[in-house]
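The data block below is run-v1.txt; it holds compact mmCIF, C-alpha atoms.
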```txt
# COMPACT_ATOMS: atom_id res chain seq x y z
CA MET F 1 0.00 0.00 0.00
CA ALA F 2 1.35 3.38 -0.97
CA ASP F 3 1.84 6.22 1.48
CA MET F 4 -1.67 7.41 2.38
CA SER F 5 -0.61 10.49 4.34
CA TYR F 6 1.25 11.72 1.25
CA LEU F 7 -1.88 11.14 -0.84
CA PHE F 8 -4.09 13.11 1.57
CA ALA F 9 -1.62 15.99 1.76
CA PHE F 10 -1.42 15.96 -2.03
CA ILE F 11 -5.20 16.08 -2.45
CA GLY F 12 -5.45 18.90 0.11
CA VAL F 13 -2.82 21.05 -1.60
CA ALA F 14 -4.22 20.38 -5.09
CA ALA F 15 -7.74 21.23 -3.89
CA ILE F 16 -6.59 24.51 -2.32
CA ALA F 17 -4.61 25.53 -5.44
CA THR F 18 -7.59 24.80 -7.72
CA PHE F 19 -10.09 26.59 -5.47
CA ALA F 20 -7.71 29.58 -5.24
CA THR F 21 -7.89 30.11 -9.02
CA ARG F 22 -11.69 30.13 -8.85
CA VAL F 23 -12.20 32.29 -5.75
CA ILE F 24 -9.57 35.04 -6.28
CA PRO F 25 -11.71 37.24 -8.58
CA PHE F 26 -14.55 37.14 -6.04
CA VAL F 27 -12.23 38.16 -3.21
CA PHE F 28 -10.52 41.04 -5.01
CA PHE F 29 -13.24 42.44 -7.29
CA GLU F 30 -16.40 41.86 -5.25
CA ARG F 31 -16.87 45.58 -4.54
CA HIS F 32 -16.54 46.56 -8.19
CA THR F 33 -19.45 44.69 -9.77
CA GLU F 34 -20.96 47.96 -11.03
CA HIS F 35 -17.72 49.21 -12.57
CA PRO F 36 -18.18 49.67 -16.35
CA LEU F 37 -15.02 47.66 -17.09
CA ILE F 38 -16.31 44.67 -15.10
CA LYS F 39 -19.65 45.00 -16.93
CA HIS F 40 -17.82 45.14 -20.26
CA LEU F 41 -15.91 41.95 -19.44
CA GLY F 42 -19.08 40.30 -18.16
CA ARG F 43 -20.76 41.07 -21.46
CA TYR F 44 -18.04 40.03 -23.92
CA LEU F 45 -15.77 37.59 -22.08
CA PRO F 46 -18.14 34.56 -22.04
CA ALA F 47 -18.65 34.69 -25.83
CA ALA F 48 -14.92 35.07 -26.47
CA VAL F 49 -14.02 32.26 -24.04
CA MET F 50 -16.64 29.97 -25.59
CA ALA F 51 -15.27 30.54 -29.10
CA LEU F 52 -11.77 29.99 -27.75
CA LEU F 53 -12.67 26.71 -26.01
CA ALA F 54 -14.53 25.49 -29.11
CA THR F 55 -11.53 26.30 -31.32
CA VAL F 56 -8.92 24.73 -29.04
CA PHE F 57 -10.84 21.53 -28.29
CA LEU F 58 -12.04 21.10 -31.89
CA THR F 59 -8.44 21.41 -33.07
CA ARG F 60 -7.24 18.90 -30.49
CA SER F 61 -9.93 16.41 -31.57
CA GLY F 62 -8.59 16.22 -35.11
CA ASN F 63 -5.80 14.20 -36.68
CA TRP F 64 -3.60 16.82 -38.35
CA ASN F 65 -1.21 14.28 -39.84
CA ALA F 66 -3.88 12.76 -42.10
CA ALA F 67 -3.86 13.46 -45.84
CA LEU F 68 -6.83 15.76 -45.27
CA PRO F 69 -5.63 17.32 -42.00
CA GLY F 70 -8.23 17.72 -39.29
CA LEU F 71 -11.16 16.67 -41.46
CA ASP F 72 -12.11 13.99 -38.91
CA ALA F 73 -12.95 16.79 -36.42
CA ILE F 74 -13.97 19.57 -38.82
CA LEU F 75 -16.74 17.50 -40.47
CA PRO F 76 -18.55 16.67 -37.20
CA GLY F 77 -17.96 20.28 -36.09
CA LEU F 78 -19.63 21.63 -39.23
CA LEU F 79 -22.45 19.14 -38.74
CA VAL F 80 -23.05 20.58 -35.25
CA VAL F 81 -23.16 24.13 -36.66
CA ALA F 82 -25.49 23.16 -39.54
CA ILE F 83 -27.94 21.19 -37.40
CA HIS F 84 -27.92 23.85 -34.72
CA LEU F 85 -28.66 26.64 -37.19
CA TRP F 86 -31.39 24.46 -38.70
CA ARG F 87 -33.27 23.22 -35.61
CA ARG F 88 -31.67 25.18 -32.75
CA ASN F 89 -32.01 22.18 -30.45
CA ALA F 90 -28.82 21.90 -28.39
CA LEU F 91 -29.17 18.21 -27.50
CA LEU F 92 -29.91 17.22 -31.10
CA SER F 93 -26.92 19.17 -32.43
CA ILE F 94 -24.58 17.70 -29.81
CA ALA F 95 -25.85 14.13 -30.24
CA ALA F 96 -25.55 14.27 -34.04
CA GLY F 97 -22.03 15.72 -33.96
CA THR F 98 -20.83 13.27 -31.32
CA ALA F 99 -22.30 10.27 -33.16
CA ALA F 100 -20.63 11.42 -36.39
CA TYR F 101 -17.27 11.88 -34.64
CA MET F 102 -17.49 8.48 -32.90
CA THR F 103 -18.33 6.76 -36.20
CA ILE F 104 -15.40 8.44 -37.95
CA GLN F 105 -12.96 7.59 -35.16
CA GLN F 106 -14.11 4.01 -34.61
CA THR F 107 -14.40 2.98 -38.27
CA GLY F 108 -11.38 5.04 -39.29
CA PHE F 109 -12.93 5.55 -42.71
CA LEU F 110 -11.36 8.98 -43.07
CA ALA F 111 -7.92 7.66 -42.14
CA GLY F 112 -7.06 6.80 -45.73
CA TYR F 113 -7.74 10.30 -47.02
CA MET P 114 -36.82 22.01 -11.78
CA ASN P 115 -34.51 19.00 -11.57
CA GLN P 116 -35.85 17.67 -14.84
CA SER P 117 -35.00 20.84 -16.76
CA VAL P 118 -31.59 21.02 -15.04
CA PHE P 119 -30.94 17.42 -16.10
CA ARG P 120 -31.87 18.27 -19.70
CA LEU P 121 -29.62 21.31 -19.63
CA THR P 122 -26.67 19.35 -18.24
CA LEU P 123 -27.10 16.24 -20.41
CA PRO P 124 -24.25 17.21 -22.80
CA ILE P 125 -21.99 17.60 -19.75
CA LEU P 126 -23.02 14.09 -18.63
CA PHE P 127 -21.87 12.68 -21.97
CA GLY P 128 -18.62 14.60 -21.67
CA TYR P 129 -17.85 14.12 -17.98
CA ILE P 130 -18.57 10.41 -17.59
CA PRO P 131 -16.03 9.33 -20.26
CA LEU P 132 -13.48 11.99 -19.26
CA GLY P 133 -13.85 11.09 -15.58
CA MET P 134 -13.47 7.43 -16.55
CA ALA P 135 -10.31 8.25 -18.51
CA PHE P 136 -8.90 9.84 -15.37
CA GLY P 137 -10.07 6.91 -13.20
CA VAL P 138 -8.51 4.31 -15.50
CA LEU P 139 -5.27 6.30 -15.62
CA PHE P 140 -5.28 6.60 -11.83
CA ALA P 141 -5.91 2.89 -11.26
CA THR P 142 -3.38 1.66 -13.80
CA GLN P 143 -0.54 4.12 -13.06
CA LEU P 144 -0.73 4.31 -9.27
CA ASP P 145 -0.80 2.01 -6.29
CA TYR P 146 -3.46 3.89 -4.28
CA PRO P 147 -6.93 2.48 -3.41
CA TRP P 148 -9.60 3.03 -6.09
CA TRP P 149 -11.77 5.33 -3.96
CA ALA P 150 -9.08 8.00 -3.95
CA ALA P 151 -10.01 8.74 -7.60
CA PRO P 152 -13.64 9.78 -6.89
CA LEU P 153 -12.41 11.50 -3.69
CA MET P 154 -10.22 13.71 -5.91
CA GLY P 155 -13.29 14.37 -8.06
CA VAL P 156 -15.15 15.53 -4.94
CA LEU P 157 -12.40 17.68 -3.42
CA ILE P 158 -10.31 18.95 -6.37
CA TYR P 159 -12.85 18.76 -9.23
CA ALA P 160 -10.71 19.75 -12.20
CA GLY P 161 -10.41 17.63 -15.36
CA ALA P 162 -7.01 18.56 -16.70
CA GLY P 163 -5.78 19.19 -13.16
CA GLN P 164 -6.58 15.68 -11.97
CA ILE P 165 -4.96 14.08 -15.00
CA LEU P 166 -1.84 16.13 -14.33
CA ALA P 167 -2.11 15.06 -10.68
CA VAL P 168 -1.67 11.40 -11.68
CA SER P 169 1.77 12.13 -13.14
CA LEU P 170 2.68 14.28 -10.12
CA LEU P 171 1.60 11.51 -7.74
CA ALA P 172 3.57 8.96 -9.77
CA VAL P 173 6.84 10.87 -9.27
CA GLY P 174 6.01 11.82 -5.65
CA ALA P 175 6.20 15.56 -6.37
CA GLY P 176 6.83 18.00 -3.51
CA MET P 177 3.95 20.06 -2.11
CA VAL P 178 5.22 23.40 -3.46
CA GLU P 179 5.55 21.89 -6.91
CA VAL P 180 2.02 20.45 -6.65
CA PHE P 181 0.60 23.84 -5.64
CA VAL P 182 2.37 25.75 -8.41
CA ALA P 183 1.54 23.18 -11.10
CA MET P 184 -2.15 23.01 -10.18
CA PHE P 185 -2.45 26.79 -9.83
CA VAL P 186 -0.83 27.51 -13.20
CA LEU P 187 -2.79 24.81 -14.99
CA ASN P 188 -6.10 26.15 -13.64
CA ALA P 189 -5.17 29.83 -13.89
CA ARG P 190 -7.74 30.38 -16.67
CA HIS P 191 -10.44 30.12 -14.00
CA LEU P 192 -9.16 33.44 -12.60
CA PHE P 193 -10.89 35.11 -15.54
CA TYR P 194 -14.18 33.25 -15.30
CA GLY P 195 -15.16 34.78 -11.98
CA LEU P 196 -14.87 38.29 -13.42
CA SER P 197 -17.95 37.82 -15.57
CA LEU P 198 -19.95 36.15 -12.78
CA LEU P 199 -19.40 38.65 -9.95
CA GLY P 200 -22.89 40.13 -10.34
CA GLN P 201 -24.60 36.84 -11.11
CA PHE P 202 -23.39 35.15 -7.88
CA ARG P 203 -23.95 38.20 -5.65
CA GLY P 204 -26.23 37.50 -2.71
CA ALA P 205 -26.30 33.75 -3.30
CA GLY P 206 -25.60 33.19 0.41
CA TRP P 207 -24.23 29.82 1.46
CA ARG P 208 -24.60 28.51 -2.09
CA LYS P 209 -22.02 30.99 -3.33
CA ALA P 210 -18.99 29.10 -1.97
CA TYR P 211 -20.06 25.97 -3.82
CA LEU P 212 -20.89 27.90 -7.03
CA ILE P 213 -17.34 29.26 -6.98
CA PHE P 214 -15.79 25.89 -6.08
CA GLY P 215 -17.56 24.17 -8.97
CA LEU P 216 -16.64 26.69 -11.66
CA THR P 217 -15.17 24.36 -14.29
CA ASP P 218 -14.94 25.24 -18.01
CA GLU P 219 -18.17 23.38 -18.72
CA THR P 220 -20.15 24.74 -15.77
CA TYR P 221 -18.99 28.26 -16.63
CA SER P 222 -20.17 27.71 -20.21
CA LEU P 223 -23.66 26.67 -19.10
CA LEU P 224 -24.06 29.33 -16.41
CA THR P 225 -23.11 32.19 -18.74
CA SER P 226 -25.11 30.95 -21.75
CA ARG P 227 -28.46 29.81 -20.44
CA PRO P 228 -31.47 32.17 -20.59
CA ARG P 229 -32.18 33.80 -17.23
CA GLY P 230 -35.46 34.94 -15.75
CA PRO P 231 -35.94 38.03 -13.57
CA GLU P 232 -36.15 36.11 -10.29
CA ARG P 233 -32.65 36.23 -8.92
CA HIS P 234 -32.88 33.68 -6.13
CA HIS P 235 -34.61 31.15 -8.31
CA GLU P 236 -31.92 31.54 -10.99
CA GLN P 237 -29.15 31.12 -8.41
CA GLU P 238 -30.84 27.96 -7.18
CA VAL P 239 -30.83 26.66 -10.77
CA ASP P 240 -27.12 27.61 -11.12
CA PHE P 241 -26.47 25.73 -7.87
CA ARG P 242 -28.19 22.57 -9.10
CA ILE P 243 -26.43 22.73 -12.49
CA THR P 244 -23.10 22.88 -10.65
CA GLY P 245 -24.09 19.99 -8.39
CA PHE P 246 -25.35 17.79 -11.23
CA ASN P 247 -22.16 18.38 -13.22
CA GLN P 248 -19.95 17.43 -10.30
CA CYS P 249 -21.98 14.26 -9.72
CA TYR P 250 -21.37 13.20 -13.33
CA TRP P 251 -17.67 13.85 -12.92
CA VAL P 252 -17.37 11.94 -9.62
CA ILE P 253 -19.36 8.99 -11.02
CA GLY P 254 -17.05 8.92 -14.05
CA CYS P 255 -13.93 8.94 -11.82
CA ALA P 256 -15.35 6.08 -9.72
CA ILE P 257 -16.34 3.88 -12.68
CA GLY P 258 -12.97 4.40 -14.35
CA ALA P 259 -10.99 3.57 -11.21
CA LEU P 260 -13.11 0.46 -10.51
CA LEU P 261 -12.85 -0.84 -14.06
CA GLY P 262 -9.14 -0.18 -14.31
CA ASP P 263 -8.11 -1.32 -17.75
CA ASN P 264 -11.03 -3.73 -18.27
CA VAL P 265 -13.15 -1.19 -20.16
CA ALA P 266 -15.56 -3.11 -22.36
CA PHE P 267 -17.76 -0.61 -24.22
CA ASP P 268 -16.03 1.13 -27.12
CA SER P 269 -16.74 4.74 -26.24
CA THR P 270 -13.90 6.11 -28.37
CA GLY P 271 -14.76 9.63 -29.40
CA ILE P 272 -17.71 10.22 -27.03
CA GLU P 273 -15.76 13.06 -25.41
CA PHE P 274 -16.52 15.05 -28.59
CA ALA P 275 -19.79 15.91 -26.78
CA LEU P 276 -17.87 18.64 -24.95
CA VAL P 277 -16.50 20.08 -28.21
CA ALA P 278 -20.02 20.03 -29.67
CA LEU P 279 -21.33 21.73 -26.51
CA PHE P 280 -18.77 24.53 -26.84
CA ILE P 281 -19.74 25.00 -30.51
CA VAL P 282 -23.46 25.17 -29.66
CA LEU P 283 -22.83 27.62 -26.81
CA THR P 284 -20.70 29.81 -29.10
CA ILE P 285 -23.62 30.00 -31.56
CA GLU P 286 -26.03 30.80 -28.71
CA GLN P 287 -23.71 33.53 -27.41
CA TYR P 288 -23.55 35.01 -30.90
CA LYS P 289 -27.34 35.00 -31.25
CA ALA P 290 -27.77 36.65 -27.84
CA LEU P 291 -25.12 39.35 -28.39
CA LYS P 292 -25.73 39.91 -32.12
CA ASP P 293 -22.08 40.92 -32.28
CA GLY P 294 -19.41 38.74 -33.90
CA PHE P 295 -16.49 40.66 -32.42
CA PRO P 296 -15.90 38.57 -29.24
CA ILE P 297 -16.39 35.34 -31.22
CA TRP P 298 -13.70 36.17 -33.79
CA THR P 299 -11.43 37.49 -31.05
CA GLY P 300 -11.72 34.21 -29.14
CA ALA P 301 -11.15 32.05 -32.22
CA ALA P 302 -8.17 34.15 -33.36
CA ALA P 303 -6.64 34.14 -29.86
CA ALA P 304 -6.98 30.34 -29.77
CA GLY P 305 -5.27 30.08 -33.16
CA ILE P 306 -2.38 32.31 -32.09
CA ALA P 307 -1.94 30.47 -28.78
CA MET P 308 -1.94 27.07 -30.49
CA LEU P 309 0.70 28.23 -33.00
CA LEU P 310 3.00 29.77 -30.41
CA LEU P 311 2.55 27.85 -27.15
CA SER P 312 2.90 24.29 -25.89
CA PRO P 313 -0.42 22.44 -25.31
CA SER P 314 -0.32 22.93 -21.53
CA HIS P 315 -0.13 26.74 -21.93
CA GLN P 316 -2.53 27.23 -24.82
CA LEU P 317 -5.75 27.79 -22.86
CA ILE P 318 -4.33 30.29 -20.40
CA GLY P 319 -2.36 32.01 -23.19
CA ALA P 320 -5.47 32.41 -25.33
CA ILE P 321 -7.50 33.73 -22.37
CA VAL P 322 -4.79 36.31 -21.59
CA ILE P 323 -4.87 37.47 -25.24
CA VAL P 324 -8.68 37.67 -25.23
CA THR P 325 -8.72 39.65 -21.97
CA ALA P 326 -6.07 42.05 -23.27
CA VAL P 327 -8.04 42.64 -26.49
CA LEU P 328 -11.25 43.24 -24.50
CA LEU P 329 -9.41 45.76 -22.29
CA LEU P 330 -8.23 47.64 -25.43
CA HIS P 331 -11.76 47.38 -26.83
CA TYR P 332 -13.11 48.90 -23.60
CA ARG P 333 -10.57 51.75 -23.74
CA ARG P 334 -11.47 52.50 -27.35
CA LEU P 335 -15.21 52.54 -26.66
CA LYS P 336 -14.63 54.80 -23.68
CA ASP P 337 -12.46 57.20 -25.67
CA ALA P 338 -14.97 57.23 -28.53
CA GLY P 339 -17.47 58.85 -26.19
CA ALA P 340 -20.99 58.35 -24.94
CA THR P 341 -22.78 57.82 -28.28
CA GLU P 342 -20.52 55.01 -29.38
CA GLY P 343 -20.50 53.56 -25.85
CA ALA P 344 -24.28 53.49 -25.69
CA HIS P 345 -24.45 51.78 -29.08
CA HIS P 346 -22.19 48.95 -27.97
CA GLY P 347 -23.84 48.65 -24.62
```
What do you get writing this file as structure tokens?
Amino acid sequence: MADMSYLFAFIGVAAIATFATRVIPFVFFERHTEHPLIKHLGRYLPAAVMALLATVFLTRSGNWNAALPGLDAILPGLLVVAIHLWRRNALLSIAAGTAAYMTIQQTGFLAGY
Amino acid sequence: MNQSVFRLTLPILFGYIPLGMAFGVLFATQLDYPWWAAPLMGVLIYAGAGQILAVSLLAVGAGMVEVFVAMFVLNARHLFYGLSLLGQFRGAGWRKAYLIFGLTDETYSLLTSRPRGPERHHEQEVDFRITGFNQCYWVIGCAIGALLGDNVAFDSTGIEFALVALFIVLTIEQYKALKDGFPIWTGAAAAGIAMLLLSPSHQLIGAIVIVTAVLLLHYRRLKDAGATEGAHHG
């Protein structure tokens, strides 16, 4: 059995470090919620962060060494966009895109291209 | 209320169970600790990338200072999430500590994108349940993965794309709500620049720093342009 006291200390330190990153803005900016800059960030930051997360994780999902680089992720990504613009049903868009991606990855039928 | 919260968090379920399982399997196969430590980490730390990094830190027996610095830097992007939720969480009482604790990428995405009614306390209660549901999915994933070890039977390869699809859907919803493409293109461009210039472990925080800097410049420009322009952009 490995050293349990090390494990508990580790979990404690990791938990504190992670919580610190989440709580710091609330500790230092709590009194400035009406400041126009905070309102500006509150308005635009979520959209920018969402686009950023989508771009990074979509890129990481693709195989960029294939003959058609990244197509295995870009196709399901486009499918999500198309279905969402068509029906605007989040679960449907996500399910369709995920099913397409799983099929492509598991059958590997894009691997030859 | 729980039914609509479940519906809202369903994409997170499909993302968190397999990702939590990936962590659990990694934990069980790489380390010599009891299986229940994996879900315990999901309860107390609750960070996807952070916990996966933690496995390699545990494997080499890293020192506590190193653990703190590594976890803080890896999760530093969360510093910026709180900024846009200061008003939304205000007055949430005892729930507030948990709302802040549970502020992962995915929970942040849902909380900032979903339509909100005028009743503040009700909406905070919904936020609280969304956060709780998401963490349950994550902890269940960690537990299943650690119990199964490397005997995973079902071929779930690729199911984690649910999170990518969720981010795409939420980006479209943000665009429709704002009717302004500027933050969207800024975010995508910042991600592109960060991925070209930085190593994978620094790309998210790098891109968020770029986005925040651009928004600060944007704010300055709107302010300098005067009241008319400012009122137009909101």
Across F:Ala47, F:Leu91, F:Met102, F:Val56, the smallest distance to Leu75 in chain F, with all atoms listed in the file counted, is shown by F:Met102
Point-to-point distance from CA of Asp240 in chain P to CA of Ala54 in chain F, Å rounded to tenths:
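So the answer is 22.1 Å.
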Close residues, Leu170 in chain P itself excluded, 12 Å, all atoms listed in the file, min 2 positions apart in chain, as a PyMOL selection string
(chain F and resi 6-7+10-11+14) or (chain P and resi 140+143-144+163-168+172-184)
Please save C-alpha atoms of the selected residues as an mmCIF file, in the coordinates of the input.
```
data_model
loop_
_atom_site.group_PDB
_atom_site.id
_atom_site.type_symbol
_atom_site.label_atom_id
_atom_site.label_comp_id
_atom_site.auth_asym_id
_atom_site.auth_seq_id
_atom_site.Cartn_x
_atom_site.Cartn_y
_atom_site.Cartn_z
ATOM 1 C CA TYR F 6 1.250 11.720 1.250
ATOM 2 C CA LEU F 7 -1.880 11.140 -0.840
ATOM 3 C CA PHE F 10 -1.420 15.960 -2.030
ATOM 4 C CA ILE F 11 -5.200 16.080 -2.450
ATOM 5 C CA ALA F 14 -4.220 20.380 -5.090
ATOM 6 C CA PHE P 140 -5.280 6.600 -11.830
ATOM 7 C CA GLN P 143 -0.540 4.120 -13.060
ATOM 8 C CA LEU P 144 -0.730 4.310 -9.270
ATOM 9 C CA GLY P 163 -5.780 19.190 -13.160
ATOM 10 C CA GLN P 164 -6.580 15.680 -11.970
ATOM 11 C CA ILE P 165 -4.960 14.080 -15.000
ATOM 12 C CA LEU P 166 -1.840 16.130 -14.330
ATOM 13 C CA ALA P 167 -2.110 15.060 -10.680
ATOM 14 C CA VAL P 168 -1.670 11.400 -11.680
ATOM 15 C CA ALA P 172 3.570 8.960 -9.770
ATOM 16 C CA VAL P 173 6.840 10.870 -9.270
ATOM 17 C CA GLY P 174 6.010 11.820 -5.650
ATOM 18 C CA ALA P 175 6.200 15.560 -6.370
ATOM 19 C CA GLY P 176 6.830 18.000 -3.510
ATOM 20 C CA MET P 177 3.950 20.060 -2.110
ATOM 21 C CA VAL P 178 5.220 23.400 -3.460
ATOM 22 C CA GLU P 179 5.550 21.890 -6.910
ATOM 23 C CA VAL P 180 2.020 20.450 -6.650
ATOM 24 C CA PHE P 181 0.600 23.840 -5.640
ATOM 25 C CA VAL P 182 2.370 25.750 -8.410
ATOM 26 C CA ALA P 183 1.540 23.180 -11.100
ATOM 27 C CA MET P 184 -2.150 23.010 -10.180
#
```
Could I get the residues of chain F with an atom no further than 7 Å from an atom of chain P, each paired with its nearest atom pair and that distance in Å to one decimal, using all atoms listed in the file, sorted by chain and residue number, as a tab-separated table?
```
residue	atom	partner	partner_atom	distance
F:Met1	CA	P:Asp145	CA	6.7
F:Ala2	CA	P:Tyr146	CA	5.9
F:Phe10	CA	P:Met177	CA	6.8
F:Ile11	CA	P:Met154	CA	6.5
F:Val13	CA	P:Phe181	CA	6.0
F:Ala14	CA	P:Phe181	CA	6.0
F:Ala15	CA	P:Ile158	CA	4.2
F:Ala17	CA	P:Phe185	CA	5.1
F:Thr18	CA	P:Phe185	CA	5.9
F:Phe19	CA	P:Phe214	CA	5.8
F:Thr21	CA	P:Leu192	CA	5.1
F:Arg22	CA	P:His191	CA	5.3
F:Val23	CA	P:Ile213	CA	6.1
F:Ile24	CA	P:Leu192	CA	6.5
F:Pro25	CA	P:Gly195	CA	5.4
F:Phe26	CA	P:Leu199	CA	6.4
F:Glu30	CA	P:Leu199	CA	6.4
F:Thr33	CA	P:Gly200	CA	5.7
F:Leu37	CA	P:Tyr332	CA	6.9
F:Ile38	CA	P:Leu196	CA	6.8
F:His40	CA	P:Tyr332	CA	6.9
F:Leu41	CA	P:Ser197	CA	6.0
F:Gly42	CA	P:Ser197	CA	3.8
F:Tyr44	CA	P:Pro296	CA	5.9
F:Leu45	CA	P:Ser197	CA	6.9
F:Pro46	CA	P:Thr225	CA	6.4
F:Ala47	CA	P:Gln287	CA	5.4
F:Ala48	CA	P:Gly300	CA	4.3
F:Val49	CA	P:Gly300	CA	5.9
F:Met50	CA	P:Thr284	CA	5.4
F:Ala51	CA	P:Gly300	CA	5.1
F:Leu52	CA	P:Gly300	CA	4.4
F:Leu53	CA	P:Phe280	CA	6.5
F:Ala54	CA	P:Phe280	CA	4.9
F:Thr55	CA	P:Ala301	CA	5.8
F:Val56	CA	P:Ala304	CA	6.0
F:Phe57	CA	P:Val277	CA	5.8
F:Leu58	CA	P:Val277	CA	5.9
F:Gly77	CA	P:Ala278	CA	6.7
F:Val80	CA	P:Ala278	CA	6.4
F:His84	CA	P:Val282	CA	6.9
F:Ala90	CA	P:Val282	CA	6.4
F:Leu91	CA	P:Pro124	CA	6.9
F:Ile94	CA	P:Ala278	CA	5.1
F:Gly97	CA	P:Ala278	CA	6.4
F:Thr98	CA	P:Ala275	CA	5.4
F:Tyr101	CA	P:Gly271	CA	6.2
F:Met102	CA	P:Gly271	CA	4.6
F:Gln105	CA	P:Gly271	CA	6.4
F:Gln106	CA	P:Thr270	CA	6.6
```
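Pairwise distance (CA of Arg233 in chain P, CA of Gly206 in chain P) equals 12.1 Å.
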All residues 12 Å or closer to His235 in chain P, all atoms listed in the file, same chain fewer than 5 positions away omitted, as a list in words:
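Contacts, with the query itself left out: Met114, Gln201, Phe202, Gly204, Ala205, Arg229, Gly230, Asp240, Phe241 and Arg242 of chain P.
Between CA of Val118 in chain P and CA of Ile243 in chain P the interatomic distance comes to 6.0 Å.
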So which residues touch Leu139 in chain P within 10 Å, counting only C-alpha atoms, skipping near sequence neighbours fewer than 3 positions away, as a PyMOL selection string?
chain P and resi 133-136+142-144+151+165+168-169+255+258-259+262-263
Which residues are near Ile104 in chain F? Cut-off 9 Å, all atoms listed in the file, ignore same chain within fewer than 3 positions. Put them as a list in words.
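Residues near the query, excluding close chain neighbours: Asp72, Ala73, Pro76, Ala99, Ala100, Tyr101, Thr107, Gly108, Phe109, Leu110 and Ala111 of chain F; Gly271 of chain P.
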